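A short worksheet on the structure shown next.
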Amino acid sequence: MSRDIPFLSLREQHGPIRKQVLDAIARVYDRNWFVLGDEVTAFEKKYAKFNGVSYCATTANGLDAIYLALKALGIKKGDEVIVPSNTYIATWLGATMTGAKVVPVEPDPATYNIDPARIEQSITPFTKAILPVHLYGLACDMEAIMTVARRHNLFVVEDNAQAHGAFNNKRMTGSIGHINATSFYPGKNLGALGDGGGITTNDKELFDKVCMLRNYGSAKKYFNEEKGINSRLDEVHAAVLQVKLRELKQWTRERQSLAKRYLEALKGVGDLTLPVVPKNCTHVFHLFVMRTQRRDQLQEYLKKNGIGTMIHYPVPPHLQKAYAELPYTKGQFPLAEQIAATCLSLPLWPGMTDAMVDRVAKTITKFYERK
Ligand SMILES: *Cc1c(COP(=O)(O)O)cnc(C)c1O
């Protein structure tokens with residue numbers, strides 16, 4: 001009997017760096033300085049360098065990073081922000097937290113990312129920013145998005161929560177928009193041992209603004225320029241993230257190699273639509289998402305065979321109860337709805353073996369041959 005294959009396991013990433021991680025935690029413990037200290041500053045410098053930007057300001061999580069990025073740009077009630085119809089709800093929440101209105105734009109059905117060709121028709125005199133998401137780890141066509149933004153004098157904020165280290169035309173995601181947001185949630189490609197997030201930018205003024213806003217609106221202790229929030233990355237997480245950042249490139253290569261193996265093994269199987277990587281873009285495979293009309297039966301079959309899968313995401317934001325106040329009904333964003341109805345994410349994580357990929361692929365093939 002072969003062992004179960006979970007949808008995700010962090011054990012294989014954390015095992016080999018156990019000593020370095022525990023040493024990093026001990027360093028913070030012994031220093032007795034836990035919030036906004038040397039570790040946060042050091043990680044911010046290292047992550048900015050990795051990402052090819054001048055500045056990184058960490059936050060408590062990715063949602064706050066999106067919110068604070070938009071806030072730093074001055075986005076507020078009465079403004080409109082263009083968001084993908086097909087994304088995790090946090091993208092929308094970060095925008096609506098500012099009071100702005102979200103204007104959803106449908107994806108390119110091949111890449112699942114916001115379709116640059118559809119953005120222009122959604123721009124109004126109230127539009128202030130475009131918030132593209134590099135969904136599942138595939139870089140958006142940022143060149144096209146930046147061209148539209150320039151033409152209409154709009155800000156661009158990348159939601160890079162799923163795509164640390166991906167590229168569009170030799171530029172890394174998170175370094176292309178005016179100010180960008182990412183997440184260091186444990187399950188992301190670069191994850192802390194709890195919640196974490198950050199913004200990246202080349203603009204010193206925006207960086208300073210986020211540093212102020214994340215710390216109660218205070219740049220100088222006990223002097224508050226604005227009504228900020230408390231959204232800071234803990235020193236412990238910053239120390240651990242420095243260790244994990246050193247591994248990120250290797251982990252990304254492993255993800256890409258496992259994805260390649262899936263792509264080869266599943267080519268032409270059943271009615272599967274497999275992920276595509278357009279020229280000029282790279283995919284860091286935060287998730288391996290495929291589509292099938294028989295999604296629910298396939299998921300059940302894999303579960304019975306000890307293979308974990310997930311759906312990213314079963315309900316698009318416009319159909320969530322949380323956004324019931326918006327004038328959107330079923331059928332409004334058919335591409336996002338179709339993806340939600342047919343997508344299935346397969347197990348994929350650094351340290352997963354080729355043999356596991358082969359077993360997942362073989363089980364899927366058997367499902368379609370079974371009839
Ligand atoms: C995870 C995620 C977020 C939010 O990050 P948190 O750290 O969980 O708040 C935002 N956008 C996308 C696309 C995500 O996947």
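Residue numbering restarts at 1 for every chain of the structure tokens, chains are lettered A, B, ... in their displayed order, and ligands are numbered from 1 as they appear.
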Produce a table with one row for each residue of chain A that has an atom at most 6 Å from any atom of ligand 1, each row naming the nearest atom pair and its distance in Å at one decimal; use only C-alpha atoms and all ligand atoms; arrange rows by chain and rising residue number; format as CSV.
```
residue,atom,partner,partner_atom_place_in_ligand_line,distance
A:Asn61,CA,ligand 1,7 (O),3.9
A:Gly62,CA,ligand 1,7 (O),3.4
A:Leu63,CA,ligand 1,9 (O),3.8
A:Tyr88,CA,ligand 1,13 (C),5.1
A:Ala90,CA,ligand 1,10 (C),4.6
A:Thr91,CA,ligand 1,11 (N),4.8
A:Val133,CA,ligand 1,13 (C),5.9
A:Asp159,CA,ligand 1,11 (N),5.9
A:Ala161,CA,ligand 1,14 (C),4.8
A:Gln162,CA,ligand 1,15 (O),5.2
A:Ser183,CA,ligand 1,7 (O),4.2
A:Phe184,CA,ligand 1,7 (O),5.8
A:Tyr185,CA,ligand 1,7 (O),4.7
A:Asp195,CA,ligand 1,7 (O),5.8
A:Gly196,CA,ligand 1,7 (O),5.7
A:Gly197,CA,ligand 1,7 (O),5.5
```
Save the residues we just selected, N, CA, C and O atoms, as a PDB file, in the first residue's frame?
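Final output, part17.pdb:
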```pdb
ATOM      1  N   ASN A  61       0.308  40.966   7.351  1.00  0.00           N
ATOM      2  CA  ASN A  61      -0.230  39.954   6.429  1.00  0.00           C
ATOM      3  C   ASN A  61      -0.390  40.564   5.040  1.00  0.00           C
ATOM      4  O   ASN A  61      -0.197  41.774   4.870  1.00  0.00           O
ATOM      5  N   GLY A  62      -0.761  39.747   4.077  1.00  0.00           N
ATOM      6  CA  GLY A  62      -0.884  40.202   2.697  1.00  0.00           C
ATOM      7  C   GLY A  62      -2.078  41.115   2.472  1.00  0.00           C
ATOM      8  O   GLY A  62      -2.007  42.048   1.669  1.00  0.00           O
ATOM      9  N   LEU A  63      -3.165  40.829   3.164  1.00  0.00           N
ATOM     10  CA  LEU A  63      -4.346  41.680   3.019  1.00  0.00           C
ATOM     11  C   LEU A  63      -4.026  43.116   3.413  1.00  0.00           C
ATOM     12  O   LEU A  63      -4.335  44.058   2.682  1.00  0.00           O
ATOM     13  N   TYR A  88      -8.493  35.378  -5.500  1.00  0.00           N
ATOM     14  CA  TYR A  88      -8.849  35.138  -4.109  1.00  0.00           C
ATOM     15  C   TYR A  88      -9.469  36.414  -3.559  1.00  0.00           C
ATOM     16  O   TYR A  88      -9.034  37.515  -3.905  1.00  0.00           O
ATOM     17  N   ALA A  90      -9.187  38.131  -1.010  1.00  0.00           N
ATOM     18  CA  ALA A  90      -8.337  39.110  -0.315  1.00  0.00           C
ATOM     19  C   ALA A  90      -7.979  40.286  -1.220  1.00  0.00           C
ATOM     20  O   ALA A  90      -7.844  41.421  -0.747  1.00  0.00           O
ATOM     21  N   THR A  91      -7.823  40.036  -2.518  1.00  0.00           N
ATOM     22  CA  THR A  91      -7.513  41.117  -3.454  1.00  0.00           C
ATOM     23  C   THR A  91      -8.615  42.184  -3.398  1.00  0.00           C
ATOM     24  O   THR A  91      -8.334  43.383  -3.291  1.00  0.00           O
ATOM     25  N   VAL A 133      -3.365  40.459 -10.359  1.00  0.00           N
ATOM     26  CA  VAL A 133      -2.917  39.368  -9.487  1.00  0.00           C
ATOM     27  C   VAL A 133      -2.186  38.337 -10.347  1.00  0.00           C
ATOM     28  O   VAL A 133      -2.712  37.904 -11.369  1.00  0.00           O
ATOM     29  N   ASP A 159      -0.668  42.420  -7.000  1.00  0.00           N
ATOM     30  CA  ASP A 159      -0.892  41.485  -5.891  1.00  0.00           C
ATOM     31  C   ASP A 159       0.011  40.287  -6.179  1.00  0.00           C
ATOM     32  O   ASP A 159      -0.302  39.433  -7.007  1.00  0.00           O
ATOM     33  N   ALA A 161       1.057  37.945  -4.048  1.00  0.00           N
ATOM     34  CA  ALA A 161       0.993  36.982  -2.938  1.00  0.00           C
ATOM     35  C   ALA A 161       1.309  35.554  -3.374  1.00  0.00           C
ATOM     36  O   ALA A 161       1.771  34.747  -2.583  1.00  0.00           O
ATOM     37  N   GLN A 162       1.057  35.240  -4.662  1.00  0.00           N
ATOM     38  CA  GLN A 162       1.224  33.853  -5.109  1.00  0.00           C
ATOM     39  C   GLN A 162       2.425  33.672  -6.033  1.00  0.00           C
ATOM     40  O   GLN A 162       2.620  32.576  -6.553  1.00  0.00           O
ATOM     41  N   SER A 183       2.362  38.399   0.240  1.00  0.00           N
ATOM     42  CA  SER A 183       1.997  37.720   1.480  1.00  0.00           C
ATOM     43  C   SER A 183       3.079  36.718   1.842  1.00  0.00           C
ATOM     44  O   SER A 183       3.663  36.083   0.960  1.00  0.00           O
ATOM     45  N   PHE A 184       3.333  36.580   3.128  1.00  0.00           N
ATOM     46  CA  PHE A 184       4.236  35.525   3.604  1.00  0.00           C
ATOM     47  C   PHE A 184       3.471  34.535   4.483  1.00  0.00           C
ATOM     48  O   PHE A 184       3.990  33.997   5.453  1.00  0.00           O
ATOM     49  N   TYR A 185       2.224  34.313   4.138  1.00  0.00           N
ATOM     50  CA  TYR A 185       1.408  33.283   4.784  1.00  0.00           C
ATOM     51  C   TYR A 185       2.146  31.940   4.651  1.00  0.00           C
ATOM     52  O   TYR A 185       2.796  31.698   3.632  1.00  0.00           O
ATOM     53  N   ASP A 195       1.315  34.496  10.117  1.00  0.00           N
ATOM     54  CA  ASP A 195       0.971  35.514   9.128  1.00  0.00           C
ATOM     55  C   ASP A 195       2.127  36.477   8.885  1.00  0.00           C
ATOM     56  O   ASP A 195       2.946  36.736   9.774  1.00  0.00           O
ATOM     57  N   GLY A 196       2.171  37.005   7.682  1.00  0.00           N
ATOM     58  CA  GLY A 196       3.161  38.018   7.324  1.00  0.00           C
ATOM     59  C   GLY A 196       2.848  38.549   5.936  1.00  0.00           C
ATOM     60  O   GLY A 196       2.147  37.902   5.158  1.00  0.00           O
ATOM     61  N   GLY A 197       3.362  39.743   5.644  1.00  0.00           N
ATOM     62  CA  GLY A 197       3.156  40.320   4.316  1.00  0.00           C
ATOM     63  C   GLY A 197       4.085  41.493   4.130  1.00  0.00           C
ATOM     64  O   GLY A 197       4.911  41.778   5.015  1.00  0.00           O
TER      65      GLY A 197
END
```
Within 12 Å of Tyr29 in chain A, counting only C-alpha atoms, which residues show up once you throw out same-chain ones fewer than 3 positions away? Write them as a short mmCIF file (atom, residue, chain, number, x, y, z; two decimals) with all heavy atoms, in the first residue's frame, please.
```
data_model
loop_
_atom_site.label_atom_id
_atom_site.label_comp_id
_atom_site.auth_asym_id
_atom_site.auth_seq_id
_atom_site.Cartn_x
_atom_site.Cartn_y
_atom_site.Cartn_z
N LEU A 22 15.61 27.35 13.94
CA LEU A 22 15.55 27.41 15.40
C LEU A 22 16.63 28.36 15.96
O LEU A 22 16.40 29.07 16.94
CB LEU A 22 15.67 26.02 16.00
CG LEU A 22 14.48 25.08 15.69
CD1 LEU A 22 14.63 23.76 16.42
CD2 LEU A 22 13.14 25.72 16.03
N ASP A 23 17.78 28.41 15.29
CA ASP A 23 18.82 29.36 15.69
C ASP A 23 18.34 30.80 15.51
O ASP A 23 18.62 31.67 16.34
CB ASP A 23 20.10 29.16 14.86
CG ASP A 23 20.88 27.91 15.30
OD1 ASP A 23 20.50 27.32 16.34
OD2 ASP A 23 21.83 27.52 14.60
N ALA A 24 17.63 31.04 14.40
CA ALA A 24 17.12 32.38 14.14
C ALA A 24 16.10 32.78 15.20
O ALA A 24 16.10 33.93 15.70
CB ALA A 24 16.48 32.43 12.74
N ILE A 25 15.24 31.84 15.57
CA ILE A 25 14.25 32.12 16.62
C ILE A 25 14.96 32.39 17.95
O ILE A 25 14.62 33.34 18.67
CB ILE A 25 13.25 30.94 16.75
CG1 ILE A 25 12.41 30.82 15.47
CG2 ILE A 25 12.35 31.11 17.97
CD1 ILE A 25 11.55 29.57 15.39
N ALA A 26 15.99 31.60 18.24
CA ALA A 26 16.74 31.77 19.50
C ALA A 26 17.42 33.13 19.55
O ALA A 26 17.48 33.79 20.60
CB ALA A 26 17.77 30.65 19.64
N ASN A 32 15.62 39.80 22.99
CA ASN A 32 14.48 40.40 23.70
C ASN A 32 13.96 41.69 23.05
O ASN A 32 13.56 42.63 23.73
CB ASN A 32 14.84 40.65 25.17
CG ASN A 32 14.79 39.37 25.97
OD1 ASN A 32 13.71 38.81 26.19
ND2 ASN A 32 15.95 38.84 26.34
N TRP A 33 13.96 41.69 21.74
CA TRP A 33 13.36 42.82 21.00
C TRP A 33 12.46 42.20 19.95
O TRP A 33 12.95 41.47 19.08
CB TRP A 33 14.45 43.70 20.36
CG TRP A 33 13.87 44.93 19.73
CD1 TRP A 33 13.22 45.01 18.55
CD2 TRP A 33 13.88 46.25 20.28
NE1 TRP A 33 12.81 46.29 18.31
CE2 TRP A 33 13.20 47.08 19.37
CE3 TRP A 33 14.39 46.82 21.47
CZ2 TRP A 33 13.03 48.45 19.58
CZ3 TRP A 33 14.21 48.18 21.67
CH2 TRP A 33 13.54 48.98 20.74
N PHE A 34 11.16 42.44 20.01
CA PHE A 34 10.23 41.60 19.27
C PHE A 34 9.45 42.26 18.14
O PHE A 34 8.87 41.57 17.31
CB PHE A 34 9.26 40.92 20.25
CG PHE A 34 9.99 40.07 21.24
CD1 PHE A 34 10.14 40.47 22.57
CD2 PHE A 34 10.57 38.88 20.84
CE1 PHE A 34 10.84 39.69 23.47
CE2 PHE A 34 11.27 38.08 21.73
CZ PHE A 34 11.41 38.48 23.06
N VAL A 35 9.39 43.59 18.13
CA VAL A 35 8.60 44.27 17.09
C VAL A 35 9.43 45.40 16.49
O VAL A 35 10.03 46.19 17.23
CB VAL A 35 7.28 44.82 17.66
CG1 VAL A 35 6.54 45.64 16.61
CG2 VAL A 35 6.38 43.68 18.14
N GLU A 39 15.81 42.52 12.87
CA GLU A 39 15.46 41.42 11.97
C GLU A 39 14.52 41.89 10.87
O GLU A 39 14.67 41.50 9.71
CB GLU A 39 14.80 40.26 12.74
CG GLU A 39 15.66 39.66 13.84
CD GLU A 39 16.91 38.95 13.35
OE1 GLU A 39 16.99 38.62 12.14
OE2 GLU A 39 17.81 38.72 14.17
N ASP A 234 6.34 40.47 12.88
CA ASP A 234 7.11 40.24 14.11
C ASP A 234 8.57 39.91 13.79
O ASP A 234 8.88 39.33 12.76
CB ASP A 234 6.50 39.07 14.91
CG ASP A 234 5.13 39.41 15.45
OD1 ASP A 234 4.92 40.57 15.85
OD2 ASP A 234 4.25 38.52 15.45
N GLU A 235 9.44 40.25 14.72
CA GLU A 235 10.88 39.95 14.57
C GLU A 235 11.14 38.46 14.35
O GLU A 235 11.99 38.09 13.53
CB GLU A 235 11.64 40.42 15.82
CG GLU A 235 11.80 41.93 15.92
CD GLU A 235 12.93 42.44 15.04
OE1 GLU A 235 14.11 42.22 15.39
OE2 GLU A 235 12.62 43.05 13.99
N VAL A 236 10.41 37.62 15.07
CA VAL A 236 10.59 36.17 14.92
C VAL A 236 10.37 35.75 13.47
O VAL A 236 11.15 35.01 12.89
CB VAL A 236 9.63 35.40 15.86
CG1 VAL A 236 9.52 33.94 15.45
CG2 VAL A 236 10.12 35.49 17.30
N HIS A 237 9.29 36.26 12.87
CA HIS A 237 9.00 35.88 11.49
C HIS A 237 10.05 36.45 10.52
O HIS A 237 10.45 35.79 9.57
CB HIS A 237 7.60 36.35 11.09
CG HIS A 237 6.55 35.64 11.86
ND1 HIS A 237 6.44 34.28 11.85
CD2 HIS A 237 5.59 36.10 12.69
CE1 HIS A 237 5.43 33.92 12.64
NE2 HIS A 237 4.91 35.00 13.16
N ALA A 239 13.14 36.99 11.17
CA ALA A 239 14.36 36.19 11.32
C ALA A 239 14.23 34.87 10.55
O ALA A 239 15.15 34.46 9.82
CB ALA A 239 14.64 35.92 12.80
#
```
All helix (DSSP H, G or I) residues (DSSP, backbone) inside range 13-227 of chain A, as JSON, numbers by chain:
{"A": [13, 14, 18, 19, 20, 21, 22, 23, 24, 25, 26, 27, 28, 29, 30, 31, 38, 39, 40, 41, 42, 43, 44, 45, 46, 47, 48, 49, 50, 51, 62, 63, 64, 65, 66, 67, 68, 69, 70, 71, 72, 89, 90, 91, 92, 93, 94, 95, 96, 116, 117, 118, 119, 120, 121, 122, 135, 136, 137, 142, 143, 144, 145, 146, 147, 148, 149, 150, 151, 152, 204, 205, 206, 207, 208, 209, 210, 211, 212, 213]}
Which of range 163-328 of chain A counts as strand (DSSP E) under DSSP, as number ranges by chain please?
A: 167-168, 171-172, 179-183, 197-201, 218-220, 223-224, 288-291
How far is it from CA of Lys101 in chain A to CA of Ile179 in chain A, in Å with one decimal?
19.1 Å
For Pro116 in chain A, find every residue with an atom within 8 Å (counting only C-alpha atoms), except residues of its own chain fewer than 6 positions away, and show them as an mmCIF file with N, CA, C and O atoms, in the first residue's frame.
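Wrote it out as around_7.cif, contents follow:
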```
data_model
loop_
_atom_site.group_PDB
_atom_site.id
_atom_site.type_symbol
_atom_site.label_atom_id
_atom_site.label_comp_id
_atom_site.auth_asym_id
_atom_site.auth_seq_id
_atom_site.Cartn_x
_atom_site.Cartn_y
_atom_site.Cartn_z
ATOM 1 N N ASP A 141 0.665 39.640 -17.854
ATOM 2 C CA ASP A 141 1.278 40.404 -18.943
ATOM 3 C C ASP A 141 1.393 41.854 -18.468
ATOM 4 O O ASP A 141 0.590 42.715 -18.810
ATOM 5 N N ALA A 144 1.663 44.917 -20.977
ATOM 6 C CA ALA A 144 0.389 45.399 -21.528
ATOM 7 C C ALA A 144 -0.386 46.195 -20.482
ATOM 8 O O ALA A 144 -0.987 47.230 -20.788
ATOM 9 N N ILE A 145 -0.359 45.726 -19.246
ATOM 10 C CA ILE A 145 -1.104 46.406 -18.176
ATOM 11 C C ILE A 145 -0.501 47.790 -17.899
ATOM 12 O O ILE A 145 -1.215 48.783 -17.759
ATOM 13 N N VAL A 148 -1.544 50.310 -20.620
ATOM 14 C CA VAL A 148 -2.897 50.851 -20.401
ATOM 15 C C VAL A 148 -2.859 51.875 -19.265
ATOM 16 O O VAL A 148 -3.449 52.955 -19.355
#
```
Mind checking which residues fall within 7 Å of Ser175 in chain A, counting only C-alpha atoms, ignoring those fewer than 3 positions away in the same chain, and posting them as a short mmCIF file (atom, residue, chain, number, x, y, z; two decimals) with C-alpha atoms, in the first residue's frame?
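Produced file out04.cif, reproduced below:
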```cif
data_model
loop_
_atom_site.label_atom_id
_atom_site.label_comp_id
_atom_site.auth_asym_id
_atom_site.auth_seq_id
_atom_site.Cartn_x
_atom_site.Cartn_y
_atom_site.Cartn_z
CA ASN A 51 12.76 41.34 -5.69
CA GLY A 52 14.84 43.91 -7.57
CA VAL A 53 13.32 46.97 -5.89
CA MET A 172 10.29 40.21 -11.52
CA THR A 200 7.66 46.48 -2.47
CA THR A 201 8.35 49.70 -4.35
#
```
May I have the residues within 10 Å of Met352 in chain A as a compact mmCIF listing (two decimals) with C-alpha atoms, in the first residue's frame, using only C-alpha atoms and disregarding those fewer than 4 positions away in the same chain?
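Below is the file out_0.txt, written as the result:
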```txt
# COMPACT_ATOMS: atom_id res chain seq x y z
CA ILE A 5 -0.35 12.12 -0.79
CA PRO A 6 -1.53 15.29 0.94
CA LEU A 8 0.40 20.28 0.67
CA SER A 9 3.17 19.44 3.10
CA LEU A 10 5.64 21.91 4.60
CA ARG A 11 7.63 19.17 6.33
CA GLU A 12 10.05 18.60 3.44
CA GLN A 13 10.87 22.33 3.25
CA GLU A 254 11.58 22.18 -7.65
CA ARG A 255 8.03 23.47 -8.13
CA LEU A 258 7.28 18.92 -10.63
CA PRO A 347 -0.60 18.36 -4.87
CA LEU A 348 2.64 20.26 -5.46
CA MET A 356 4.31 11.00 -6.06
CA VAL A 357 3.64 13.09 -9.17
```
Applying 10 Å and only C-alpha atoms, which residues near Leu93 in chain A remain after dropping the ones on its own chain fewer than 6 positions away? List them as a list in words.
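Non-adjacent residues within range: Leu63, Asp64, Ile66, Tyr67, Gly99, Val102, Pro317, Ala322 and Tyr323 of chain A.
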Excluding Ala117 in chain A and residues on its chain fewer than 3 positions from it, collect all residues at most 10 Å away from it, counting only C-alpha atoms, and give them as a ChimeraX atom specification.
/A:105-108,114,120-121,144-145,148
Selected residues written out, C-alpha atoms, as a PDB file, in the first residue's frame:
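Result written to again_29.pdb:
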```pdb
ATOM      1  CA  VAL A 105     -12.397  42.574 -15.171  1.00  0.00           C
ATOM      2  CA  GLU A 106     -12.560  39.068 -16.646  1.00  0.00           C
ATOM      3  CA  PRO A 107      -9.485  36.857 -17.129  1.00  0.00           C
ATOM      4  CA  ASP A 108      -7.746  35.644 -20.232  1.00  0.00           C
ATOM      5  CA  ILE A 114      -6.706  39.555 -15.763  1.00  0.00           C
ATOM      6  CA  GLU A 120      -9.630  49.728 -20.987  1.00  0.00           C
ATOM      7  CA  GLN A 121     -13.406  49.387 -21.406  1.00  0.00           C
ATOM      8  CA  ALA A 144       0.389  45.399 -21.528  1.00  0.00           C
ATOM      9  CA  ILE A 145      -1.104  46.406 -18.176  1.00  0.00           C
ATOM     10  CA  VAL A 148      -2.897  50.851 -20.401  1.00  0.00           C
TER      11      VAL A 148
END
```
From the list A:His318, A:Lys279, A:Lys19, A:Lys49, which residue is nearest Leu245 in chain A when using only C-alpha atoms?
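Selected residue with least distance to Leu245 in chain A: A:Lys49.
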Between A:Asn180, A:Gln320, A:Gln250, A:Ser122, single out the one closest to His152 in chain A, counting only C-alpha atoms.
A:Ser122
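In this model, the gap between CA of Gly191 in chain A and CA of Pro16 in chain A comes to 15.6 Å.
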